[in-house]
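Enquirer: Hey, dropping start31.pdb in here, PDB, C-alpha atoms:
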ATOM      1  CA  MET A  15      81.010  81.461  84.673
ATOM      2  CA  SER A  16      81.893  79.964  88.059
ATOM      3  CA  ALA A  17      80.889  81.646  91.308
ATOM      4  CA  ALA A  18      84.538  82.299  92.162
ATOM      5  CA  ALA A  19      85.226  83.822  88.741
ATOM      6  CA  SER A  20      82.195  86.119  89.039
ATOM      7  CA  ASN A  21      83.319  87.601  92.360
ATOM      8  CA  THR A  22      84.598  91.158  92.171
ATOM      9  CA  ILE A  23      87.790  91.581  94.154
ATOM     10  CA  PRO A  24      87.611  94.893  96.033
ATOM     11  CA  PRO A  25      90.534  97.329  95.965
ATOM     12  CA  ILE A  26      92.806  97.550  98.993
ATOM     13  CA  PRO A  27      91.405 100.378 101.168
ATOM     14  CA  GLY A  28      93.531 103.518 101.180
ATOM     15  CA  ALA A  29      96.157 102.161  98.775
ATOM     16  CA  LYS A  30      97.571 104.203  95.907
ATOM     17  CA  LYS A  31     100.494 103.972  93.519
ATOM     18  CA  PHE A  32     103.949 104.957  94.769
ATOM     19  CA  ARG A  33     107.579 104.764  93.697
ATOM     20  CA  ILE A  34     110.308 102.945  95.615
ATOM     21  CA  ALA A  35     114.105 103.171  95.449
ATOM     22  CA  LEU A  36     116.375 100.330  96.603
ATOM     23  CA  VAL A  37     119.914 101.421  97.497
ATOM     24  CA  GLN A  38     122.464  98.651  96.948
ATOM     25  CA  LEU A  39     125.071 100.180  99.213
ATOM     26  CA  GLY A  40     128.797  99.595  98.848
ATOM     27  CA  GLN A  41     131.893 100.801 100.704
ATOM     28  CA  VAL A  42     130.781  99.412 104.087
ATOM     29  CA  GLY A  43     133.969  99.050 106.107
ATOM     30  CA  SER A  44     135.350  99.239 109.630
ATOM     31  CA  ASP A  45     134.803 103.017 110.028
ATOM     32  CA  LYS A  46     131.207 103.485 111.186
ATOM     33  CA  ALA A  47     131.266 107.247 110.674
ATOM     34  CA  ALA A  48     132.365 106.742 107.068
ATOM     35  CA  ASN A  49     129.665 104.108 106.575
ATOM     36  CA  LEU A  50     126.993 106.510 107.807
ATOM     37  CA  LYS A  51     128.341 109.368 105.703
ATOM     38  CA  HIS A  52     128.274 107.266 102.561
ATOM     39  CA  ALA A  53     124.818 105.868 103.328
ATOM     40  CA  ARG A  54     123.514 109.421 103.695
ATOM     41  CA  GLU A  55     125.077 110.408 100.361
ATOM     42  CA  MET A  56     123.384 107.469  98.649
ATOM     43  CA  ILE A  57     120.013 108.305 100.242
ATOM     44  CA  LEU A  58     120.267 111.844  98.862
ATOM     45  CA  LYS A  59     121.266 110.457  95.467
ATOM     46  CA  ALA A  60     118.319 108.056  95.494
ATOM     47  CA  ALA A  61     115.947 110.856  96.448
ATOM     48  CA  ALA A  62     116.950 112.831  93.359
ATOM     49  CA  GLY A  63     115.358 110.122  91.216
ATOM     50  CA  ASP A  64     116.368 108.449  87.983
ATOM     51  CA  GLY A  65     115.307 111.137  85.556
ATOM     52  CA  SER A  66     111.611 110.344  85.806
ATOM     53  CA  ALA A  67     109.598 110.481  89.019
ATOM     54  CA  LYS A  68     111.282 110.876  92.379
ATOM     55  CA  PRO A  69     110.768 108.058  94.883
ATOM     56  CA  ASP A  70     108.262 108.165  97.712
ATOM     57  CA  MET A  71     110.178 105.542  99.690
ATOM     58  CA  ILE A  72     113.892 104.685  99.949
ATOM     59  CA  VAL A  73     115.291 101.422 101.301
ATOM     60  CA  LEU A  74     118.798 100.649 102.591
ATOM     61  CA  PRO A  75     120.273  97.130 102.938
ATOM     62  CA  GLU A  76     120.829  94.926 105.970
ATOM     63  CA  PHE A  77     123.653  95.998 108.338
ATOM     64  CA  PHE A  78     124.455  99.168 106.406
ATOM     65  CA  ASN A  79     126.486 100.666 109.302
ATOM     66  CA  SER A  80     128.586  97.580 110.071
ATOM     67  CA  PRO A  81     130.628  94.875 108.388
ATOM     68  CA  TYR A  82     128.609  91.652 108.161
ATOM     69  CA  GLY A  83     129.766  89.107 110.727
ATOM     70  CA  VAL A  84     128.882  87.941 114.223
ATOM     71  CA  SER A  85     132.228  89.188 115.544
ATOM     72  CA  TYR A  86     131.428  92.734 114.356
ATOM     73  CA  PHE A  87     127.865  93.135 115.617
ATOM     74  CA  PRO A  88     128.617  93.841 119.315
ATOM     75  CA  GLY A  89     131.088  96.595 118.480
ATOM     76  CA  TYR A  90     128.746  98.351 116.058
ATOM     77  CA  ALA A  91     125.540  97.933 118.082
ATOM     78  CA  GLU A  92     123.601 101.014 119.132
ATOM     79  CA  LYS A  93     120.890 101.633 121.702
ATOM     80  CA  ILE A  94     117.581 102.556 120.109
ATOM     81  CA  GLY A  95     114.970 102.303 122.869
ATOM     82  CA  TYR A  96     111.900 102.418 120.645
ATOM     83  CA  VAL A  97     108.547 101.733 122.321
ATOM     84  CA  LYS A  98     105.607 100.876 120.066
ATOM     85  CA  ASP A  99     102.776 103.451 119.988
ATOM     86  CA  LYS A 100     104.920 105.982 121.857
ATOM     87  CA  LYS A 101     106.459 108.991 120.104
ATOM     88  CA  TYR A 102     110.196 108.468 119.745
ATOM     89  CA  ASP A 103     112.436 111.352 120.778
ATOM     90  CA  ILE A 104     115.069 111.611 118.057
ATOM     91  CA  GLU A 105     116.864 114.461 119.802
ATOM     92  CA  SER A 106     117.608 112.437 122.923
ATOM     93  CA  SER A 107     118.553 109.281 121.031
ATOM     94  CA  THR A 108     122.138 108.085 121.490
ATOM     95  CA  SER A 109     122.070 106.199 118.167
ATOM     96  CA  GLU A 110     124.224 107.821 115.490
ATOM     97  CA  SER A 111     122.509 105.747 112.816
ATOM     98  CA  VAL A 112     119.004 106.719 113.944
ATOM     99  CA  LYS A 113     119.886 110.414 113.944
ATOM    100  CA  MET A 114     121.390 110.211 110.451
ATOM    101  CA  LEU A 115     118.405 108.313 109.071
ATOM    102  CA  SER A 116     115.868 110.653 110.652
ATOM    103  CA  SER A 117     117.693 113.684 109.297
ATOM    104  CA  ALA A 118     117.940 112.172 105.814
ATOM    105  CA  ALA A 119     114.243 111.262 105.720
ATOM    106  CA  LYS A 120     113.292 114.787 106.766
ATOM    107  CA  GLU A 121     115.709 116.434 104.343
ATOM    108  CA  THR A 122     114.508 114.383 101.371
ATOM    109  CA  GLY A 123     110.845 114.349 102.393
ATOM    110  CA  THR A 124     110.588 110.621 101.730
ATOM    111  CA  TRP A 125     109.717 107.490 103.645
ATOM    112  CA  LEU A 126     112.926 105.728 104.638
ATOM    113  CA  ILE A 127     113.512 102.132 105.658
ATOM    114  CA  GLY A 128     116.893 102.179 107.325
ATOM    115  CA  GLY A 129     118.062  98.719 106.259
ATOM    116  CA  SER A 130     119.167  97.267 109.557
ATOM    117  CA  ILE A 131     121.752  97.851 112.263
ATOM    118  CA  PRO A 132     122.874  95.853 115.292
ATOM    119  CA  GLU A 133     120.745  97.023 118.212
ATOM    120  CA  HIS A 134     121.799  96.797 121.867
ATOM    121  CA  GLU A 135     118.810  96.553 124.176
ATOM    122  CA  GLU A 136     118.971  97.530 127.837
ATOM    123  CA  PRO A 137     118.585  96.210 130.465
ATOM    124  CA  SER A 138     118.479  92.738 128.862
ATOM    125  CA  ASP A 139     121.920  93.262 127.246
ATOM    126  CA  LYS A 140     120.612  91.469 124.150
ATOM    127  CA  LEU A 141     121.617  92.266 120.588
ATOM    128  CA  TYR A 142     119.076  92.367 117.748
ATOM    129  CA  ASN A 143     119.208  92.810 113.987
ATOM    130  CA  THR A 144     116.884  95.807 113.750
ATOM    131  CA  SER A 145     115.339  97.830 110.945
ATOM    132  CA  THR A 146     113.999 101.318 111.660
ATOM    133  CA  VAL A 147     111.342 103.164 109.645
ATOM    134  CA  TYR A 148     110.935 106.944 109.222
ATOM    135  CA  ASN A 149     108.180 109.074 107.753
ATOM    136  CA  PRO A 150     108.910 112.126 105.545
ATOM    137  CA  GLN A 151     108.960 114.340 108.637
ATOM    138  CA  GLY A 152     111.847 112.298 110.069
ATOM    139  CA  ASP A 153     109.808 110.613 112.803
ATOM    140  CA  MET A 154     110.652 106.993 113.618
ATOM    141  CA  ILE A 155     107.300 105.225 113.327
ATOM    142  CA  ALA A 156     108.234 101.515 113.477
ATOM    143  CA  ILE A 157     111.025  99.031 114.010
ATOM    144  CA  HIS A 158     111.406  95.392 113.003
ATOM    145  CA  ARG A 159     113.655  92.990 114.852
ATOM    146  CA  LYS A 160     114.637  90.110 112.595
ATOM    147  CA  LEU A 161     112.535  87.133 113.665
ATOM    148  CA  HIS A 162     114.433  84.255 112.076
ATOM    149  CA  LEU A 163     118.170  84.171 112.706
ATOM    150  CA  PHE A 164     120.516  83.150 109.912
ATOM    151  CA  ASP A 165     121.924  79.880 111.246
ATOM    152  CA  ILE A 166     122.979  77.633 108.361
ATOM    153  CA  ASP A 167     125.620  75.014 107.664
ATOM    154  CA  ILE A 168     126.108  73.904 104.049
ATOM    155  CA  PRO A 169     129.154  71.561 104.150
ATOM    156  CA  GLY A 170     132.052  72.783 102.051
ATOM    157  CA  LYS A 171     130.320  76.061 101.196
ATOM    158  CA  ILE A 172     129.122  78.265 104.067
ATOM    159  CA  THR A 173     128.527  78.130 107.796
ATOM    160  CA  PHE A 174     127.029  81.131 109.553
ATOM    161  CA  LYS A 175     125.459  81.367 113.009
ATOM    162  CA  GLU A 176     123.771  84.699 113.697
ATOM    163  CA  SER A 177     122.571  83.293 117.007
ATOM    164  CA  GLU A 178     126.149  83.357 118.309
ATOM    165  CA  SER A 179     125.645  87.070 118.998
ATOM    166  CA  LEU A 180     122.043  88.011 118.139
ATOM    167  CA  THR A 181     118.585  87.322 119.554
ATOM    168  CA  GLY A 182     115.507  86.902 117.372
ATOM    169  CA  GLY A 183     112.653  89.371 117.555
ATOM    170  CA  SER A 184     109.162  88.516 118.767
ATOM    171  CA  ALA A 185     106.694  90.268 116.442
ATOM    172  CA  VAL A 186     105.764  90.658 112.798
ATOM    173  CA  THR A 187     105.914  94.254 111.588
ATOM    174  CA  GLN A 188     103.592  96.339 109.451
ATOM    175  CA  PHE A 189     103.364 100.103 109.190
ATOM    176  CA  ALA A 190     100.893 102.518 107.650
ATOM    177  CA  THR A 191     101.709 105.114 104.987
ATOM    178  CA  GLU A 192      99.560 107.456 102.936
ATOM    179  CA  PHE A 193      99.824 105.003 100.020
ATOM    180  CA  GLY A 194      99.018 101.818 101.915
ATOM    181  CA  ASN A 195     100.278  99.439 104.563
ATOM    182  CA  ILE A 196     103.723  97.858 104.236
ATOM    183  CA  GLY A 197     105.059  94.622 105.720
ATOM    184  CA  LEU A 198     108.687  94.494 106.814
ATOM    185  CA  GLY A 199     111.110  91.599 107.265
ATOM    186  CA  ILE A 200     114.881  91.160 107.232
ATOM    187  CA  CYS A 201     116.838  88.771 105.002
ATOM    188  CA  TYR A 202     116.324  85.198 106.331
ATOM    189  CA  ASP A 203     112.748  86.167 107.260
ATOM    190  CA  VAL A 204     111.899  85.836 103.546
ATOM    191  CA  ARG A 205     112.302  82.046 103.792
ATOM    192  CA  PHE A 206     109.321  81.881 106.117
ATOM    193  CA  PRO A 207     106.158  82.421 104.050
ATOM    194  CA  GLU A 208     103.910  83.038 107.030
ATOM    195  CA  MET A 209     105.125  86.634 107.428
ATOM    196  CA  ALA A 210     104.120  87.584 103.879
ATOM    197  CA  MET A 211     100.847  85.659 104.202
ATOM    198  CA  ILE A 212      99.929  87.612 107.311
ATOM    199  CA  ALA A 213     100.885  90.944 105.730
ATOM    200  CA  ALA A 214      98.930  90.310 102.533
ATOM    201  CA  ARG A 215      95.818  89.059 104.310
ATOM    202  CA  GLN A 216      95.874  92.057 106.624
ATOM    203  CA  GLY A 217      95.904  94.484 103.711
ATOM    204  CA  CYS A 218      99.571  95.232 102.967
ATOM    205  CA  VAL A 219     100.515  96.123  99.398
ATOM    206  CA  ALA A 220     104.134  95.005  99.714
ATOM    207  CA  MET A 221     106.684  93.105 101.762
ATOM    208  CA  ILE A 222     110.088  94.735 101.972
ATOM    209  CA  TYR A 223     113.177  92.798 103.048
ATOM    210  CA  PRO A 224     116.575  94.430 103.543
ATOM    211  CA  GLY A 225     118.845  91.401 103.175
ATOM    212  CA  ALA A 226     122.311  90.044 102.447
ATOM    213  CA  PHE A 227     122.256  86.631 100.805
ATOM    214  CA  ASN A 228     125.655  85.149  99.946
ATOM    215  CA  LEU A 229     127.303  83.580  96.907
ATOM    216  CA  THR A 230     125.944  80.127  97.783
ATOM    217  CA  THR A 231     122.297  80.880  98.624
ATOM    218  CA  GLY A 232     122.004  84.013  96.475
ATOM    219  CA  PRO A 233     122.103  82.444  93.003
ATOM    220  CA  LEU A 234     119.916  79.570  94.220
ATOM    221  CA  HIS A 235     117.185  81.287  96.162
ATOM    222  CA  TRP A 236     117.277  85.120  96.182
ATOM    223  CA  GLU A 237     115.073  85.772  93.159
ATOM    224  CA  LEU A 238     113.172  82.512  93.649
ATOM    225  CA  LEU A 239     112.027  83.497  97.148
ATOM    226  CA  ALA A 240     111.089  87.033  96.122
ATOM    227  CA  ARG A 241     108.975  85.736  93.255
ATOM    228  CA  ALA A 242     107.423  83.019  95.426
ATOM    229  CA  ARG A 243     106.386  85.413  98.200
ATOM    230  CA  ALA A 244     104.985  87.849  95.609
ATOM    231  CA  ASN A 245     103.144  85.221  93.570
ATOM    232  CA  ASP A 246     101.696  83.300  96.531
ATOM    233  CA  ASN A 247     100.296  86.430  98.138
ATOM    234  CA  GLN A 248      99.704  88.599  95.064
ATOM    235  CA  ILE A 249     101.586  91.571  96.486
ATOM    236  CA  TYR A 250     104.832  93.358  95.630
ATOM    237  CA  VAL A 251     108.095  92.139  97.164
ATOM    238  CA  ALA A 252     111.311  94.155  97.386
ATOM    239  CA  LEU A 253     114.715  92.754  98.378
ATOM    240  CA  CYS A 254     117.509  95.263  99.091
ATOM    241  CA  SER A 255     121.058  93.901  99.300
ATOM    242  CA  PRO A 256     124.459  95.411 100.018
ATOM    243  CA  ALA A 257     126.835  95.579  97.072
ATOM    244  CA  ARG A 258     129.387  92.786  96.798
ATOM    245  CA  ASP A 259     132.838  93.380  98.286
ATOM    246  CA  MET A 260     135.227  90.488  97.679
ATOM    247  CA  SER A 261     137.740  91.986 100.146
ATOM    248  CA  ALA A 262     135.205  91.633 102.994
ATOM    249  CA  THR A 263     134.802  88.531 105.147
ATOM    250  CA  TYR A 264     131.196  88.078 103.929
ATOM    251  CA  HIS A 265     130.428  88.259 100.218
ATOM    252  CA  ALA A 266     126.928  89.549  99.494
ATOM    253  CA  TRP A 267     125.043  88.375  96.416
ATOM    254  CA  GLY A 268     123.719  91.831  95.516
ATOM    255  CA  HIS A 269     121.009  91.816  92.812
ATOM    256  CA  SER A 270     118.499  94.003  94.665
ATOM    257  CA  THR A 271     115.112  93.216  93.149
ATOM    258  CA  LEU A 272     111.492  94.351  92.921
ATOM    259  CA  VAL A 273     108.847  91.764  91.971
ATOM    260  CA  ASP A 274     105.196  92.399  91.100
ATOM    261  CA  PRO A 275     102.101  90.415  92.229
ATOM    262  CA  MET A 276     102.305  88.091  89.194
ATOM    263  CA  GLY A 277     105.846  87.126  90.157
ATOM    264  CA  VAL A 278     107.412  89.204  87.382
ATOM    265  CA  VAL A 279     110.761  90.874  88.115
ATOM    266  CA  LYS A 280     110.120  94.560  87.446
ATOM    267  CA  SER A 281     113.536  95.906  88.416
ATOM    268  CA  THR A 282     116.876  94.348  89.337
ATOM    269  CA  MET A 283     120.616  94.926  89.056
ATOM    270  CA  ASP A 284     124.009  93.243  89.258
ATOM    271  CA  GLU A 285     126.324  92.929  92.277
ATOM    272  CA  ASN A 286     127.778  96.454  92.195
ATOM    273  CA  GLU A 287     126.759  99.555  94.110
ATOM    274  CA  GLY A 288     123.788 101.336  92.633
ATOM    275  CA  ILE A 289     120.123 102.258  92.922
ATOM    276  CA  ILE A 290     117.069 100.716  91.289
ATOM    277  CA  TYR A 291     113.589 102.193  91.088
ATOM    278  CA  GLY A 292     110.149 100.774  90.556
ATOM    279  CA  ASP A 293     106.450 101.447  91.026
ATOM    280  CA  ILE A 294     104.152  99.681  93.484
ATOM    281  CA  ASP A 295     100.671  99.882  91.992
ATOM    282  CA  PRO A 296      97.593  98.652  93.905
ATOM    283  CA  GLN A 297      95.659  98.441  90.634
ATOM    284  CA  VAL A 298      98.050  95.690  89.497
ATOM    285  CA  ILE A 299      97.388  93.862  92.771
ATOM    286  CA  GLN A 300      93.628  94.097  92.215
ATOM    287  CA  GLU A 301      93.871  92.974  88.571
ATOM    288  CA  THR A 302      96.059  90.024  89.558
ATOM    289  CA  ARG A 303      93.656  88.957  92.283
ATOM    290  CA  GLN A 304      90.682  89.358  89.958
ATOM    291  CA  GLY A 305      92.245  87.213  87.251
ATOM    292  CA  ILE A 306      93.598  84.511  89.597
ATOM    293  CA  PRO A 307      91.217  84.808  92.580
ATOM    294  CA  VAL A 308      93.043  82.726  95.179
ATOM    295  CA  THR A 309      92.152  85.308  97.810
ATOM    296  CA  VAL A 310      88.535  84.086  97.718
ATOM    297  CA  GLN A 311      89.294  80.441  96.992
ATOM    298  CA  ARG A 312      91.284  79.504 100.090
ATOM    299  CA  ARG A 313      89.885  76.620 102.137
ATOM    300  CA  PHE A 314      90.103  77.786 105.720
ATOM    301  CA  ASP A 315      87.534  75.130 106.532
ATOM    302  CA  VAL A 316      90.304  72.611 105.764
ATOM    303  CA  TYR A 317      93.461  74.394 106.942
ATOM    304  CA  LYS A 318      94.220  77.246 109.326
ATOM    305  CA  ASN A 319      94.509  80.903 108.384
ATOM    306  CA  VAL A 320      97.879  82.015 109.771
ATOM    307  CA  ALA A 321      96.701  85.639 109.727
ATOM    308  CA  GLU A 322      94.151  85.007 112.480
TER     309      GLU A 322
END
Could you quickly redo this structure as structure tokens?
Expert:
Amino acid sequence: MSAAASNTIPPIPGAKKFRIALVQLGQVGSDKAANLKHAREMILKAAAGDGSAKPDMIVLPEFFNSPYGVSYFPGYAEKIGYVKDKKYDIESSTSESVKMLSSAAKETGTWLIGGSIPEHEEPSDKLYNTSTVYNPQGDMIAIHRKLHLFDIDIPGKITFKESESLTGGSAVTQFATEFGNIGLGICYDVRFPEMAMIAARQGCVAMIYPGAFNLTTGPLHWELLARARANDNQIYVALCSPARDMSATYHAWGHSTLVDPMGVVKSTMDENEGIIYGDIDPQVIQETRQGIPVTVQRRFDVYKNVAE
């Protein structure tokens, strides 16, 4: 037996099995109040479970409070004002979306990743694509500002320039829960493997990406990227999309998906509104890493460790 094969891969400290629900939200239109009302209804529905165990964490998709398009983002943007490591005052927040999400997390007693919304920062006057995270008590405990803006141009198929109205964030995001640490990205962030590498090497059990791929990139890369990030880093990866609306200006791919550390799709769906559930099990991570021990075989004497 080789030295690498004889190594025992230790479990991830503090990690335990939990259940996740991905809400593939539909009916997102021009009425923000209606969007928030429907999102809340779907959170409550997700929290009720699928007839087996109820979820410990619920995820919404990217831009759940707004139509998807650079022309819409300024009009739907909200001030959040979150400061890392400082308790956020929900009561004094002016963000309708934040208040709804906090209330829903508290009511359901679940962790809630609030997809993303357009955020207006003062005094810079910049707009960000921002995800907010809530614990089961309704406290906002983290935010992620999308790092990599969706600027693409595929001739004859799709051109989209998020940078026409948005600014990229400046930090990777991880947050602690009672069942382990979670890494968070948004949509186009999944194309950049460094974020998942950093999360996995710093002890995260999963990367979660609210996202909205389209009908060109979705069938090509949505599942491929989820499986690649999961397989390369031997963690779970969840992608949560809006439902497809062919009457909208942007047509989302849908197919919200959960992938395990071996790159196996554990749960997925079609393009319609709905909810999928799945388990994130640290024992599967440990077994995967024990059987294919790349975590102890990397050659950081030859190449750099992006997590340092």
Enquirer: Tell me which residues the PyMOL selection byres ((chain A and resi 170-185) around 12) grabs here, as a PyMOL selection string.
Expert: chain A and resi 82-89+91+98+131-135+138-145+156-169+186-188+197-203+209+212+227-232+263-265
Enquirer: Could those selected residues go to a file with C-alpha atoms, as an mmCIF file, keeping the file's coordinate frame?
Expert:
data_model
loop_
_atom_site.group_PDB
_atom_site.id
_atom_site.type_symbol
_atom_site.label_atom_id
_atom_site.label_comp_id
_atom_site.auth_asym_id
_atom_site.auth_seq_id
_atom_site.Cartn_x
_atom_site.Cartn_y
_atom_site.Cartn_z
ATOM 1 C CA TYR A 82 128.609 91.652 108.161
ATOM 2 C CA GLY A 83 129.766 89.107 110.727
ATOM 3 C CA VAL A 84 128.882 87.941 114.223
ATOM 4 C CA SER A 85 132.228 89.188 115.544
ATOM 5 C CA TYR A 86 131.428 92.734 114.356
ATOM 6 C CA PHE A 87 127.865 93.135 115.617
ATOM 7 C CA PRO A 88 128.617 93.841 119.315
ATOM 8 C CA GLY A 89 131.088 96.595 118.480
ATOM 9 C CA ALA A 91 125.540 97.933 118.082
ATOM 10 C CA LYS A 98 105.607 100.876 120.066
ATOM 11 C CA ILE A 131 121.752 97.851 112.263
ATOM 12 C CA PRO A 132 122.874 95.853 115.292
ATOM 13 C CA GLU A 133 120.745 97.023 118.212
ATOM 14 C CA HIS A 134 121.799 96.797 121.867
ATOM 15 C CA GLU A 135 118.810 96.553 124.176
ATOM 16 C CA SER A 138 118.479 92.738 128.862
ATOM 17 C CA ASP A 139 121.920 93.262 127.246
ATOM 18 C CA LYS A 140 120.612 91.469 124.150
ATOM 19 C CA LEU A 141 121.617 92.266 120.588
ATOM 20 C CA TYR A 142 119.076 92.367 117.748
ATOM 21 C CA ASN A 143 119.208 92.810 113.987
ATOM 22 C CA THR A 144 116.884 95.807 113.750
ATOM 23 C CA SER A 145 115.339 97.830 110.945
ATOM 24 C CA ALA A 156 108.234 101.515 113.477
ATOM 25 C CA ILE A 157 111.025 99.031 114.010
ATOM 26 C CA HIS A 158 111.406 95.392 113.003
ATOM 27 C CA ARG A 159 113.655 92.990 114.852
ATOM 28 C CA LYS A 160 114.637 90.110 112.595
ATOM 29 C CA LEU A 161 112.535 87.133 113.665
ATOM 30 C CA HIS A 162 114.433 84.255 112.076
ATOM 31 C CA LEU A 163 118.170 84.171 112.706
ATOM 32 C CA PHE A 164 120.516 83.150 109.912
ATOM 33 C CA ASP A 165 121.924 79.880 111.246
ATOM 34 C CA ILE A 166 122.979 77.633 108.361
ATOM 35 C CA ASP A 167 125.620 75.014 107.664
ATOM 36 C CA ILE A 168 126.108 73.904 104.049
ATOM 37 C CA PRO A 169 129.154 71.561 104.150
ATOM 38 C CA VAL A 186 105.764 90.658 112.798
ATOM 39 C CA THR A 187 105.914 94.254 111.588
ATOM 40 C CA GLN A 188 103.592 96.339 109.451
ATOM 41 C CA GLY A 197 105.059 94.622 105.720
ATOM 42 C CA LEU A 198 108.687 94.494 106.814
ATOM 43 C CA GLY A 199 111.110 91.599 107.265
ATOM 44 C CA ILE A 200 114.881 91.160 107.232
ATOM 45 C CA CYS A 201 116.838 88.771 105.002
ATOM 46 C CA TYR A 202 116.324 85.198 106.331
ATOM 47 C CA ASP A 203 112.748 86.167 107.260
ATOM 48 C CA MET A 209 105.125 86.634 107.428
ATOM 49 C CA ILE A 212 99.929 87.612 107.311
ATOM 50 C CA PHE A 227 122.256 86.631 100.805
ATOM 51 C CA ASN A 228 125.655 85.149 99.946
ATOM 52 C CA LEU A 229 127.303 83.580 96.907
ATOM 53 C CA THR A 230 125.944 80.127 97.783
ATOM 54 C CA THR A 231 122.297 80.880 98.624
ATOM 55 C CA GLY A 232 122.004 84.013 96.475
ATOM 56 C CA THR A 263 134.802 88.531 105.147
ATOM 57 C CA TYR A 264 131.196 88.078 103.929
ATOM 58 C CA HIS A 265 130.428 88.259 100.218
#
Enquirer: For the file shown, what are the residues hit by the PyMOL selection byres ((chain A and resi 306) around 12), laid out as a VMD selection string?
Expert: chain A and resid 18 to 23 245 to 248 275 to 276 299 to 305 307 to 312
Enquirer: List every residue of segment 85-162 of chain A that has an atom at most 12 Å from any atom of segment 50-68 of chain A, and for each one report the closest atom pair and its distance in Å to one decimal, counting all atoms listed in the file, with rows sorted by chain and then by increasing residue number, as CSV.
Expert:
residue,atom,partner,partner_atom,distance
A:Tyr90,CA,A:Leu50,CA,11.7
A:Ser109,CA,A:Leu50,CA,11.5
A:Glu110,CA,A:Leu50,CA,8.3
A:Ser111,CA,A:Leu50,CA,6.8
A:Val112,CA,A:Leu50,CA,10.1
A:Lys113,CA,A:Leu50,CA,10.2
A:Met114,CA,A:Arg54,CA,7.1
A:Leu115,CA,A:Arg54,CA,7.5
A:Ser116,CA,A:Arg54,CA,10.4
A:Ser117,CA,A:Arg54,CA,9.1
A:Ala118,CA,A:Arg54,CA,6.6
A:Ala119,CA,A:Ile57,CA,8.5
A:Lys120,CA,A:Leu58,CA,10.9
A:Glu121,CA,A:Leu58,CA,8.5
A:Thr122,CA,A:Ala61,CA,6.2
A:Gly123,CA,A:Ala61,CA,8.6
A:Thr124,CA,A:Ala61,CA,7.5
A:Trp125,CA,A:Ala61,CA,10.1
A:Leu126,CA,A:Ile57,CA,8.7
A:Ile127,CA,A:Ile57,CA,10.5
A:Gly128,CA,A:Ala53,CA,9.6
A:Gly129,CA,A:Ala53,CA,10.3
A:Ile131,CA,A:Leu50,CA,11.1
A:Pro150,CA,A:Ala61,CA,11.6
Enquirer: Given the file above and the PyMOL selection byres ((chain A and resi 28) around 7), which residues are selected, and can you give them as a PyMOL selection string?
Expert: chain A and resi 26-27+29-30+193-194
Enquirer: Quick check, in Å to one decimal: how far apart do atom CA of Ala321 of chain A and atom CA of Ala220 of chain A lie?
Expert: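 Here the two named atoms are 15.6 Å from each other.
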Enquirer: Find the spatial neighbours of segment 235-239 of chain A, counting only C-alpha atoms, within a cut-off of 10 Å - ignore same-chain residues fewer than 5 positions away - and output them as a VMD selection string.
Expert: chain A and resid 201 204 to 207 225 to 228 230 244 to 245 251 253 267 to 273 277 279 282
Enquirer: For each of A:Ile155, A:Cys218, A:Met260, A:Gln38, take the minimum atom-to-atom distance to Asp99 of chain A, counting all atoms listed in the file, then give the residue where this is smallest.
Expert: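 That would be A:Ile155, the residue with the smallest distance to Asp99 of chain A.
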Enquirer: Restricting the calculation to all atoms listed in the file: of A:Ala210, A:Leu234, A:Ala262, A:Ile94, which residue gets closest to Met154 of chain A?
Expert: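 Using all atoms listed in the file, Met154 of chain A sits closest to A:Ile94.
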Enquirer: Residues near Arg33 of chain A, anyone? I mean within 9 Å using only C-alpha atoms, not counting same-chain ones fewer than 4 positions away, as a list of chain:residue names.
Expert: A:Ala67, A:Lys68, A:Pro69, A:Asp70, A:Met71, A:Ile72, A:Tyr291, A:Gly292, A:Asp293, A:Ile294, A:Asp295
Enquirer: Between atom CA of Ala213 of chain A and atom CA of Asn319 of chain A, what is the distance in Å, rounded to a tenth?
Expert: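 It comes out at 12.2 Å.
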Enquirer: To one decimal in Å, tell me the separation between atom CA of Glu92 of chain A and atom CA of Ser44 of chain A.
Expert: 15.2 Å
Enquirer: Have a look at A:Met221, A:Ala35, A:Leu74, A:Ala257 and name the one nearest to Arg241 of chain A; count only C-alpha atoms.
Expert: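 Among the listed residues, the smallest separation from Arg241 of chain A belongs to A:Met221.
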